[in-house]
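Peer 1: Could you have a look at this structure, given as C-alpha cells, before my questions?
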Number of protein chains: 2
Amino acid sequence: MPINYPNGNQYNIKNKSSKSIVRTVNFAKRGMTLEEEINESNAYYAARGQAVIHKKPTPVQLVKVDYPKRSAAVIKEAYFKTPSTTDYNGVYKGYYLDFDAKETKNKTSFPLYNFHEHQINHLKACLKQGGICFAFLKFTSLNQIYLLPASKLFEYWDHQDSGRKSIKLADIKKFGYSLSYQFNPVIPYLDAVDKMIENSIH
Amino acid sequence: MPINYPNGNQYNIKNKSSKSIVRTVNFAKRGMTLEEEINESNAYYAARGQAVIHKKPTPVQLVKVDYPKRSAAVIKEAYFKTPSTTDYNGVYKGYYLDFDAKETKNKTSFPLYNFHEHQINHLKACLKQGGICFAFLKFTSLNQIYLLPASKLFEYWDHQDSGRKSIKLADIKKFGYSLSYQFNPVIPYLDAVDKMIENSIH
C-alpha cells in the first residue's frame, strides 16, 4: 500500500531519504484546495499592497444564539443560505474585480452545472458596471488552472439549452488565460488580469 | 397611554381617521435600522442597474455541523468571527466602492470607538488601490445621516491619541455629505458618491 499525503498525493520515500534530491517543483501539491490557494495568493497581494481582494464569508441564517455571561456568543442553530453574489471581489489598480472559483475532475471539458444562475447574474451586473469579471476554472485531474473572462463564460451559459452543457478544454485554452503555480503568490492571477485590462476583455 | 408602532414611533390616530391629512413625510421612520435602510437602497440601485453593492455576510467559525439525511445541513455550534474588512463593497460606474455604516446616539459628535482598527486599515488599503471609500455616520437622536470620505475619517482616527476621540458634528457637516431620506432609494447616497468622484475626494 502506498503511503499518501492527506490530499492523496504520493509520498515519495526515495526522495525523502536522499540528500541530493532532484526536486520536481510543483507548488500546487501542498494539499491546498483551490479556495485556499486563492486566499493565500490574495494574502500575498495584500501584504505587498498590490490588491485588496477577499473571499466573502458564507452566509448563514441564524435561528438560535446563546449569549452566556462572561463568554462569547454561541450560535446553537443556523442554516446555510444561498449566496446572492460570487465568492470573491476586491479592488486592484482602481479596477473592481469580481470572480468565482470552480473545480472539475473532468479532463476534456468544464461542466456548466458548476455555476449557479445567481452567480452568472451577479457577474453580468458587475460587468455592466465596468467591473473586471472572470472565473477560475481548475481541472483537478490535470492540475491545470485557467482564468476565463466572464463575457466568454456567458456565451456558453446562455447557449446551453440549445447546445453543449460544458465548455471544451480546447476552448478554455483558446479564450482563457493559463495560470501556472509558483512559489509566491501560489497562483499569480493578477498577471492574467493585467492582460484582460490590456485587451479590454472581461 | 399612547399607542405606538412597534419601532416606538407614535401612531397618529388623528391623521389616520382624517381623509384630508397633511402628511409630514419622513421616510426614515419605518422602524428600519441603518443597515436595513442601506440594504434597501442597494436593492433599489441593483434593480435599476445603477450599481451592484452588497453587504458582506457576518463571518462565523463553524465548529459542529449536522448533515441529516434528506434535509438541509444544520449548524449546531459556531462562533462569530471578527471580520477583516468593512461591511459593504461593490461596483458603480466602473468605480470600486467600499464603506462601513455606524450609528451614535450622541448629538454633537461622533465617537471614534465605533470604528475598529481592521476596518480603518482595510479602508486605507482600498483607498490606496484607487477605490472610493467612505463611512455612513448616523446620528440616531437627530435622525441625520452623513457620508464622510475615508480620507477625512483617517485624519481624525490617526490623531486621536493626541487629541479628540470623536469627530464634531460641525466638522462632519463641513467635510461630509448630508443625506436626506426619500422614498426610493431610502438613502440616495450615490448622489453623494457622484460628488466625491467629481471632487476627487474619497
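Ordering of the C-alpha cells sets the chain letters (A, B, ...), residue numbers begin anew at 1 in every chain, and ligands are numbered from 1 in the order given.
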Find the residues near A:Lys107: any atom within 12 Å, counting only C-alpha atoms, skip ones fewer than 6 places away on the same chain, and give them as a ChimeraX atom specification.
Peer 2: /A:137-145,166-170
Peer 1: Would you mind exporting N, CA and C atoms of the selected residues as a PDB file, in the first residue's frame?
Peer 2:
```pdb
ATOM      1  N   LEU A 137     -11.146  28.363 -13.391  1.00  0.00           N
ATOM      2  CA  LEU A 137     -11.591  27.004 -13.717  1.00  0.00           C
ATOM      3  C   LEU A 137     -10.416  26.075 -13.486  1.00  0.00           C
ATOM      4  N   LYS A 138     -10.576  25.171 -12.526  1.00  0.00           N
ATOM      5  CA  LYS A 138      -9.475  24.242 -12.244  1.00  0.00           C
ATOM      6  C   LYS A 138      -9.842  22.817 -12.656  1.00  0.00           C
ATOM      7  N   PHE A 139      -8.971  22.227 -13.446  1.00  0.00           N
ATOM      8  CA  PHE A 139      -9.099  20.813 -13.796  1.00  0.00           C
ATOM      9  C   PHE A 139      -8.210  20.052 -12.814  1.00  0.00           C
ATOM     10  N   THR A 140      -8.836  19.519 -11.775  1.00  0.00           N
ATOM     11  CA  THR A 140      -8.047  18.918 -10.697  1.00  0.00           C
ATOM     12  C   THR A 140      -7.248  17.697 -11.162  1.00  0.00           C
ATOM     13  N   SER A 141      -7.818  16.890 -12.045  1.00  0.00           N
ATOM     14  CA  SER A 141      -7.106  15.690 -12.512  1.00  0.00           C
ATOM     15  C   SER A 141      -5.878  16.057 -13.335  1.00  0.00           C
ATOM     16  N   LEU A 142      -5.972  17.180 -14.045  1.00  0.00           N
ATOM     17  CA  LEU A 142      -4.855  17.618 -14.882  1.00  0.00           C
ATOM     18  C   LEU A 142      -3.939  18.583 -14.138  1.00  0.00           C
ATOM     19  N   ASN A 143      -4.408  19.056 -12.979  1.00  0.00           N
ATOM     20  CA  ASN A 143      -3.708  20.084 -12.212  1.00  0.00           C
ATOM     21  C   ASN A 143      -3.449  21.343 -13.060  1.00  0.00           C
ATOM     22  N   GLN A 144      -4.479  21.725 -13.793  1.00  0.00           N
ATOM     23  CA  GLN A 144      -4.397  22.918 -14.633  1.00  0.00           C
ATOM     24  C   GLN A 144      -5.448  23.930 -14.196  1.00  0.00           C
ATOM     25  N   ILE A 145      -5.042  25.195 -14.177  1.00  0.00           N
ATOM     26  CA  ILE A 145      -5.982  26.263 -13.817  1.00  0.00           C
ATOM     27  C   ILE A 145      -6.040  27.287 -14.934  1.00  0.00           C
ATOM     28  N   SER A 166     -21.298  22.135 -21.405  1.00  0.00           N
ATOM     29  CA  SER A 166     -19.955  22.270 -20.841  1.00  0.00           C
ATOM     30  C   SER A 166     -19.095  23.086 -21.802  1.00  0.00           C
ATOM     31  N   ILE A 167     -17.946  23.526 -21.294  1.00  0.00           N
ATOM     32  CA  ILE A 167     -17.009  24.262 -22.142  1.00  0.00           C
ATOM     33  C   ILE A 167     -15.816  23.356 -22.400  1.00  0.00           C
ATOM     34  N   LYS A 168     -15.510  23.150 -23.665  1.00  0.00           N
ATOM     35  CA  LYS A 168     -14.366  22.280 -24.023  1.00  0.00           C
ATOM     36  C   LYS A 168     -13.072  22.883 -23.497  1.00  0.00           C
ATOM     37  N   LEU A 169     -12.191  22.025 -23.015  1.00  0.00           N
ATOM     38  CA  LEU A 169     -10.886  22.490 -22.540  1.00  0.00           C
ATOM     39  C   LEU A 169     -10.152  23.252 -23.646  1.00  0.00           C
ATOM     40  N   ALA A 170     -10.303  22.771 -24.870  1.00  0.00           N
ATOM     41  CA  ALA A 170      -9.640  23.441 -26.009  1.00  0.00           C
ATOM     42  C   ALA A 170     -10.113  24.892 -26.123  1.00  0.00           C
TER      43      ALA A 170
END
```
Peer 1: Kindly provide the residues of chain B that approach chain A to within 8 Å, each paired with its closest atom pair and their distance in Å to one decimal, based on only C-alpha atoms, listed by chain and increasing number, as CSV.
Peer 2:
```
residue,atom,partner,partner_atom,distance
B:Gly49,CA,A:Ala125,CA,7.2
B:Gln50,CA,A:Gln129,CA,7.7
B:Ala51,CA,A:Gln129,CA,6.6
B:Val52,CA,A:Cys126,CA,6.3
B:Lys56,CA,A:Lys56,CA,6.4
B:Pro57,CA,A:Pro59,CA,5.1
B:Thr58,CA,A:Pro57,CA,6.7
B:Pro59,CA,A:Pro57,CA,5.1
B:Val60,CA,A:Pro57,CA,7.6
B:Ala72,CA,A:Tyr79,CA,7.6
B:Ala73,CA,A:Tyr79,CA,6.6
B:Val74,CA,A:Tyr79,CA,5.4
B:Ile75,CA,A:Ala78,CA,4.9
B:Lys76,CA,A:Lys76,CA,5.0
B:Glu77,CA,A:Lys76,CA,5.1
B:Ala78,CA,A:Ile75,CA,4.9
B:Tyr79,CA,A:Val74,CA,5.4
B:Phe80,CA,A:Ala73,CA,7.3
B:Gly90,CA,A:Tyr96,CA,7.6
B:Val91,CA,A:Tyr96,CA,6.2
B:Tyr92,CA,A:Gln129,CA,5.7
B:Lys93,CA,A:Gln129,CA,5.1
B:Gly94,CA,A:Gly130,CA,4.1
B:Tyr95,CA,A:Tyr96,CA,6.5
B:Tyr96,CA,A:Tyr96,CA,4.9
B:Ala125,CA,A:Val52,CA,6.8
B:Cys126,CA,A:Val52,CA,6.3
B:Gln129,CA,A:Lys93,CA,5.1
B:Gly130,CA,A:Gly94,CA,4.1
B:Gly131,CA,A:Gly94,CA,5.7
```
Peer 1: Keeping N, CA and C atoms for every residue in the selection just given, could you write it to a file as a PDB file, in the first residue's frame?
Peer 2:
```pdb
ATOM      1  N   GLY B  49     -30.249  48.743 -12.217  1.00  0.00           N
ATOM      2  CA  GLY B  49     -28.987  48.606 -12.942  1.00  0.00           C
ATOM      3  C   GLY B  49     -28.033  49.756 -12.716  1.00  0.00           C
ATOM      4  N   GLN B  50     -28.178  50.448 -11.579  1.00  0.00           N
ATOM      5  CA  GLN B  50     -27.334  51.623 -11.320  1.00  0.00           C
ATOM      6  C   GLN B  50     -26.027  51.285 -10.605  1.00  0.00           C
ATOM      7  N   ALA B  51     -26.041  50.228  -9.817  1.00  0.00           N
ATOM      8  CA  ALA B  51     -24.853  49.838  -9.053  1.00  0.00           C
ATOM      9  C   ALA B  51     -25.044  48.420  -8.513  1.00  0.00           C
ATOM     10  N   VAL B  52     -23.940  47.764  -8.212  1.00  0.00           N
ATOM     11  CA  VAL B  52     -24.001  46.434  -7.589  1.00  0.00           C
ATOM     12  C   VAL B  52     -23.243  46.523  -6.271  1.00  0.00           C
ATOM     13  N   LYS B  56     -21.604  42.347   3.126  1.00  0.00           N
ATOM     14  CA  LYS B  56     -20.974  41.043   3.274  1.00  0.00           C
ATOM     15  C   LYS B  56     -21.614  40.290   4.436  1.00  0.00           C
ATOM     16  N   PRO B  57     -21.742  38.979   4.296  1.00  0.00           N
ATOM     17  CA  PRO B  57     -22.286  38.205   5.416  1.00  0.00           C
ATOM     18  C   PRO B  57     -21.356  38.291   6.633  1.00  0.00           C
ATOM     19  N   THR B  58     -21.931  38.129   7.808  1.00  0.00           N
ATOM     20  CA  THR B  58     -21.132  38.087   9.031  1.00  0.00           C
ATOM     21  C   THR B  58     -20.354  36.778   9.062  1.00  0.00           C
ATOM     22  N   PRO B  59     -19.042  36.842   9.212  1.00  0.00           N
ATOM     23  CA  PRO B  59     -18.278  35.583   9.210  1.00  0.00           C
ATOM     24  C   PRO B  59     -18.483  34.786  10.497  1.00  0.00           C
ATOM     25  N   VAL B  60     -18.691  33.503  10.349  1.00  0.00           N
ATOM     26  CA  VAL B  60     -18.802  32.635  11.529  1.00  0.00           C
ATOM     27  C   VAL B  60     -17.804  31.489  11.428  1.00  0.00           C
ATOM     28  N   ALA B  72     -31.664  19.748   5.058  1.00  0.00           N
ATOM     29  CA  ALA B  72     -30.543  20.678   4.973  1.00  0.00           C
ATOM     30  C   ALA B  72     -29.582  20.529   6.148  1.00  0.00           C
ATOM     31  N   ALA B  73     -28.332  20.844   5.908  1.00  0.00           N
ATOM     32  CA  ALA B  73     -27.311  20.826   6.948  1.00  0.00           C
ATOM     33  C   ALA B  73     -27.688  21.812   8.062  1.00  0.00           C
ATOM     34  N   VAL B  74     -27.490  21.381   9.300  1.00  0.00           N
ATOM     35  CA  VAL B  74     -27.803  22.244  10.439  1.00  0.00           C
ATOM     36  C   VAL B  74     -26.509  22.591  11.172  1.00  0.00           C
ATOM     37  N   ILE B  75     -26.261  23.867  11.331  1.00  0.00           N
ATOM     38  CA  ILE B  75     -25.104  24.307  12.107  1.00  0.00           C
ATOM     39  C   ILE B  75     -25.494  24.234  13.587  1.00  0.00           C
ATOM     40  N   LYS B  76     -24.773  23.414  14.348  1.00  0.00           N
ATOM     41  CA  LYS B  76     -25.129  23.167  15.746  1.00  0.00           C
ATOM     42  C   LYS B  76     -24.252  23.953  16.721  1.00  0.00           C
ATOM     43  N   GLU B  77     -23.058  24.281  16.261  1.00  0.00           N
ATOM     44  CA  GLU B  77     -22.182  25.091  17.107  1.00  0.00           C
ATOM     45  C   GLU B  77     -21.291  25.952  16.220  1.00  0.00           C
ATOM     46  N   ALA B  78     -21.318  27.243  16.452  1.00  0.00           N
ATOM     47  CA  ALA B  78     -20.498  28.169  15.678  1.00  0.00           C
ATOM     48  C   ALA B  78     -20.315  29.439  16.481  1.00  0.00           C
ATOM     49  N   TYR B  79     -19.300  30.211  16.098  1.00  0.00           N
ATOM     50  CA  TYR B  79     -18.997  31.454  16.811  1.00  0.00           C
ATOM     51  C   TYR B  79     -18.808  32.591  15.811  1.00  0.00           C
ATOM     52  N   PHE B  80     -19.131  33.786  16.247  1.00  0.00           N
ATOM     53  CA  PHE B  80     -18.909  34.941  15.389  1.00  0.00           C
ATOM     54  C   PHE B  80     -17.415  35.230  15.315  1.00  0.00           C
ATOM     55  N   GLY B  90     -18.703  47.107  -3.513  1.00  0.00           N
ATOM     56  CA  GLY B  90     -19.369  46.860  -4.786  1.00  0.00           C
ATOM     57  C   GLY B  90     -18.807  47.721  -5.885  1.00  0.00           C
ATOM     58  N   VAL B  91     -19.542  47.771  -6.992  1.00  0.00           N
ATOM     59  CA  VAL B  91     -19.063  48.483  -8.175  1.00  0.00           C
ATOM     60  C   VAL B  91     -20.131  49.443  -8.679  1.00  0.00           C
ATOM     61  N   TYR B  92     -19.681  50.641  -9.043  1.00  0.00           N
ATOM     62  CA  TYR B  92     -20.581  51.692  -9.520  1.00  0.00           C
ATOM     63  C   TYR B  92     -19.847  52.490 -10.589  1.00  0.00           C
ATOM     64  N   LYS B  93     -20.393  52.495 -11.795  1.00  0.00           N
ATOM     65  CA  LYS B  93     -19.793  53.243 -12.913  1.00  0.00           C
ATOM     66  C   LYS B  93     -18.302  52.942 -13.077  1.00  0.00           C
ATOM     67  N   GLY B  94     -17.920  51.705 -12.877  1.00  0.00           N
ATOM     68  CA  GLY B  94     -16.515  51.331 -13.028  1.00  0.00           C
ATOM     69  C   GLY B  94     -15.670  51.588 -11.789  1.00  0.00           C
ATOM     70  N   TYR B  95     -16.248  52.219 -10.792  1.00  0.00           N
ATOM     71  CA  TYR B  95     -15.504  52.500  -9.555  1.00  0.00           C
ATOM     72  C   TYR B  95     -15.759  51.400  -8.519  1.00  0.00           C
ATOM     73  N   TYR B  96     -14.710  51.112  -7.757  1.00  0.00           N
ATOM     74  CA  TYR B  96     -14.851  50.210  -6.615  1.00  0.00           C
ATOM     75  C   TYR B  96     -15.283  51.030  -5.408  1.00  0.00           C
ATOM     76  N   ALA B 125      -6.205  50.538   2.717  1.00  0.00           N
ATOM     77  CA  ALA B 125      -5.678  49.697   1.635  1.00  0.00           C
ATOM     78  C   ALA B 125      -6.515  49.862   0.364  1.00  0.00           C
ATOM     79  N   CYS B 126      -7.826  49.957   0.528  1.00  0.00           N
ATOM     80  CA  CYS B 126      -8.708  50.107  -0.638  1.00  0.00           C
ATOM     81  C   CYS B 126      -8.518  51.478  -1.293  1.00  0.00           C
ATOM     82  N   GLN B 129      -5.616  51.566  -3.475  1.00  0.00           N
ATOM     83  CA  GLN B 129      -5.838  50.891  -4.754  1.00  0.00           C
ATOM     84  C   GLN B 129      -6.757  51.686  -5.679  1.00  0.00           C
ATOM     85  N   GLY B 130      -7.140  52.882  -5.257  1.00  0.00           N
ATOM     86  CA  GLY B 130      -7.992  53.696  -6.124  1.00  0.00           C
ATOM     87  C   GLY B 130      -9.478  53.497  -5.915  1.00  0.00           C
ATOM     88  N   GLY B 131      -9.852  52.852  -4.814  1.00  0.00           N
ATOM     89  CA  GLY B 131     -11.267  52.685  -4.514  1.00  0.00           C
ATOM     90  C   GLY B 131     -11.868  53.969  -3.953  1.00  0.00           C
TER      91      GLY B 131
END
```
Peer 1: With a distance cut-off of 9 Å and only C-alpha atoms, select the neighbouring residues of B:Ser180, excluding the residue or stretch itself and same-chain residues fewer than 2 positions from it, and output the selection as a ChimeraX atom specification.
Peer 2: /B:144-146,178,182,186-189
Peer 1: Please return, as a count of residues only, all residues of chain A that DSSP assigns to alpha helix (DSSP H) on the basis of the backbone.
Peer 2: 58
Peer 1: Run DSSP on the backbone and give me the residues of chain B it puts in strand (DSSP E), as a ChimeraX atom specification.
Peer 2: /B:52-55,60-66,74-80,88-92,95-104,109-111,132-139,144-149,166-168,177-179
Peer 1: If you count only C-alpha atoms, which residues fall within 10 Å of A:Tyr156, apart from same-chain ones fewer than 5 positions away, as a PyMOL selection string?
Peer 2: chain A and resi 112+151+161+163-167
Peer 1: Residues of the last selection are to be written out with N, CA, C and O atoms, as an mmCIF file, in the first residue's frame.
Peer 2:
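The file below, again-v2.cif, is the result:
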```
data_model
loop_
_atom_site.group_PDB
_atom_site.id
_atom_site.type_symbol
_atom_site.label_atom_id
_atom_site.label_comp_id
_atom_site.auth_asym_id
_atom_site.auth_seq_id
_atom_site.Cartn_x
_atom_site.Cartn_y
_atom_site.Cartn_z
ATOM 1 N N LEU A 112 -20.997 23.113 -17.065
ATOM 2 C CA LEU A 112 -21.588 24.394 -16.655
ATOM 3 C C LEU A 112 -22.421 24.291 -15.378
ATOM 4 O O LEU A 112 -22.720 25.300 -14.748
ATOM 5 N N SER A 151 -17.282 37.386 -19.891
ATOM 6 C CA SER A 151 -18.022 37.556 -21.143
ATOM 7 C C SER A 151 -18.030 36.260 -21.959
ATOM 8 O O SER A 151 -19.030 35.930 -22.603
ATOM 9 N N ASP A 161 -28.952 25.674 -23.472
ATOM 10 C CA ASP A 161 -30.214 24.992 -23.744
ATOM 11 C C ASP A 161 -30.221 24.383 -25.139
ATOM 12 O O ASP A 161 -30.791 23.317 -25.362
ATOM 13 N N GLY A 163 -27.426 23.754 -26.863
ATOM 14 C CA GLY A 163 -26.159 23.132 -27.259
ATOM 15 C C GLY A 163 -25.451 22.413 -26.129
ATOM 16 O O GLY A 163 -26.079 21.740 -25.320
ATOM 17 N N ARG A 164 -24.156 22.579 -26.067
ATOM 18 C CA ARG A 164 -23.322 21.907 -25.084
ATOM 19 C C ARG A 164 -23.606 22.412 -23.673
ATOM 20 O O ARG A 164 -23.852 23.583 -23.470
ATOM 21 N N LYS A 165 -23.509 21.517 -22.711
ATOM 22 C CA LYS A 165 -23.689 21.898 -21.312
ATOM 23 C C LYS A 165 -22.332 21.987 -20.609
ATOM 24 O O LYS A 165 -22.233 21.879 -19.392
ATOM 25 N N SER A 166 -21.298 22.135 -21.405
ATOM 26 C CA SER A 166 -19.955 22.270 -20.841
ATOM 27 C C SER A 166 -19.095 23.086 -21.802
ATOM 28 O O SER A 166 -19.481 23.312 -22.955
ATOM 29 N N ILE A 167 -17.946 23.526 -21.294
ATOM 30 C CA ILE A 167 -17.009 24.262 -22.142
ATOM 31 C C ILE A 167 -15.816 23.356 -22.400
ATOM 32 O O ILE A 167 -15.198 22.855 -21.454
#
```
Peer 1: Expressed in Å to a single decimal, how great is the separation between atom CA of B:Leu153 and atom CA of A:Arg48?
Peer 2: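 Going from atom CA of B:Leu153 over to atom CA of A:Arg48, I get 23.8 Å.
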Peer 1: Between atom CA of B:Ile120 and atom CA of B:Glu198, what is the distance in Å, rounded to a tenth?
Peer 2: 23.6 Å
Peer 1: In Å, how far is it from atom CA of A:Trp157 to atom CA of A:Thr104?
Peer 2: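 Distance reported for this atom pair: 16.4 Å.
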